[in-house]
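Engineer: The structure's right below; bear with me while I get my questions together.
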Amino acid sequence: MIAGLLAAALVLGAAPSGPTAEAPPREAALADDALPDGPGRALLRERCLVCHSAEYVTQQRLTAGQWQKTVEKMRKFGANLADDEAKVLTDYLARGWPVGLPDQAPAPVKPPTGSAPLR
């Protein structure tokens, strides 16, 4: 029953409409659909976010080599990237989301109006 209510709340849009006051700047920027400036940003938006959400891409923490392998794998799956574009995108991802970057914490979500109190 509770799982059904939770699923219904998610479907009905119980997610917050914007960043919370506690959200770190990087998370707030993602919540506002903004990605860090730099070469590769347009490629990420135009080529990656066709299939992936910004949150999915930016939750990754990879080395430059791992980002390169990921971009190459996506090219094999059909991502339309020329060799020079793949390099720009790989560099952008490696600078923006390296291994040492702290993980993103999910934004807190208020329960929908009329839901049962949590115990």
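Naming scheme: A, B, ... for chains in displayed order of the structure tokens; residues 1 onward per chain; ligands 1 onward as shown.
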What lies within 10 Å of stretch 58-73 of chain A using only C-alpha atoms, ignoring chain neighbours under 2 positions off, as a PyMOL selection string?

Structural biologist: chain A and resi 26-27+30+35+48+53-56+75-79+81+83+86-87+89-105

Engineer: To one decimal in Å, tell me the separation between atom CA of A:Leu43 and atom CA of A:Val88.

Structural biologist: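 Atom CA of A:Val88 lies 8.3 Å from atom CA of A:Leu43.
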